[in-house]
Each structure stands twice: as C-alpha cells, then as structure tokens.
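**Q** Take a look at this one; I'll ask things after.
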Amino acid sequence: MSRRHRTPDANPVIDGLSSRALSEIYRLERTRNYLQPGDVSAAVRLWKDYVRRPERELWHDYEWGNVHWYCCGNPLEARALLDTVTQAMSPRTARELRQIISRFDDVWNQPSPPYDTGRG
C-alpha cells in the first residue's frame, strides 16, 4: 500500500482553531474547486504578515502595487478568499476563523499615529 506524500501546508495549521474547525477546512480544501490543500492557512499567514508591515510599505503598495504579489500571493486576494471560506463553513467553525481574522483586521484598521512636525 503506497502512502501519499504530504507537504507541510497540506494540513491546515492555524493557531487558535479547534480540531473541528481544522477538519472542516481540510474537507473544504479538498471538495471546493476554488481551493487547494493549504490555501486557507496560507491565506491567513499572508494576511497576518501583510497587516504587520510598516505603514510606509503599505502605502507604497497602495500607490504603485507590489511586483512580489505575482509570485508570492496577493494579501488582499487572500483576505477575500478568507471571507469566501467563512461563508462555506458551518456557523460555529466560521465564527472561530472570523475571530482569528478579526485580530489581523484590527491591526489593519488601526489609525495612524498623529503627524508631528516637531514644531511648537
């Protein structure tokens, strides 16, 4: 009997999710034509890393785009995928995933510190 080789991203690993939620994500990634194994955890990781970038880099991406998104994934598309996935999940497990995503959204939505010219 041959065993299927699995990559580290094949099993969803998202800190803070129950085994029930991870199992549901695993099932969705194998039954939905818009998902591949590991897509949801990769989207969470991409969104988390993006919102934690310095504001000047985020502004640069907004103004001119980011050429690395073509190879490494677009964090805004990743965030949209997470919304789609939560719609496909059961209410209980979707709530768990939304709770994790909302932590990163809160970082994204933080107001900028006040601009201080140092003049007084």
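Residues in the structure tokens are named by chain (A, B, ... in the order shown) and by number from 1 within that chain; ligands are numbered from 1 in the order shown.
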Find the spatial neighbours of Ile25 (chain A), counting only C-alpha atoms, within a cut-off of 8 Å - ignore same-chain residues fewer than 2 positions away - and output them as a PyMOL selection string.

**A** chain A and resi 12+21-23+27-29+40+89

**Q** For a quick check of understanding, using only C-alpha atoms, which of A:Arg103, A:Arg32, A:Arg92, A:Arg45 has the smallest distance to Gly73 (chain A)?

**A** A:Arg45

**Q** Determine, counting only C-alpha atoms, which protein, DNA and RNA residues have an atom within 9 Å of an atom of region 106-109 of chain A; residues of the same chain fewer than 5 positions away are not included. Present the result as a list of chain:residue names.

**A**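 My reading of the contact set: A:Lys48, A:Tyr50, A:Val51, A:Arg52, A:Ile101.
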
**Q** Find the residues near Val44 (chain A): any atom within 8 Å, counting only C-alpha atoms, skip ones fewer than 5 places away on the same chain, and give them as a PyMOL selection string.

**A** chain A and resi 14+78-79+82+101

**Q** Would you compute the distance between CA of Ser18 (chain A) and CA of Asn74 (chain A)? Give it in Å to one decimal.

**A**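 A separation of 26.7 Å between them.
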
**Q** Taking only C-alpha atoms into account, name the residue in A:Leu81, A:Leu97, A:Leu35, A:Cys72 that is nearest to Val13 (chain A).

**A**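 For Val13 (chain A), the nearest of the candidates is A:Leu97.
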
**Q** Which one is closest to Glu77 (chain A): A:Leu46, A:Arg30, A:Asp15, A:Ile100? Count only C-alpha atoms.

**A**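 With only C-alpha atoms as the atom set, the closest residue is A:Leu46.
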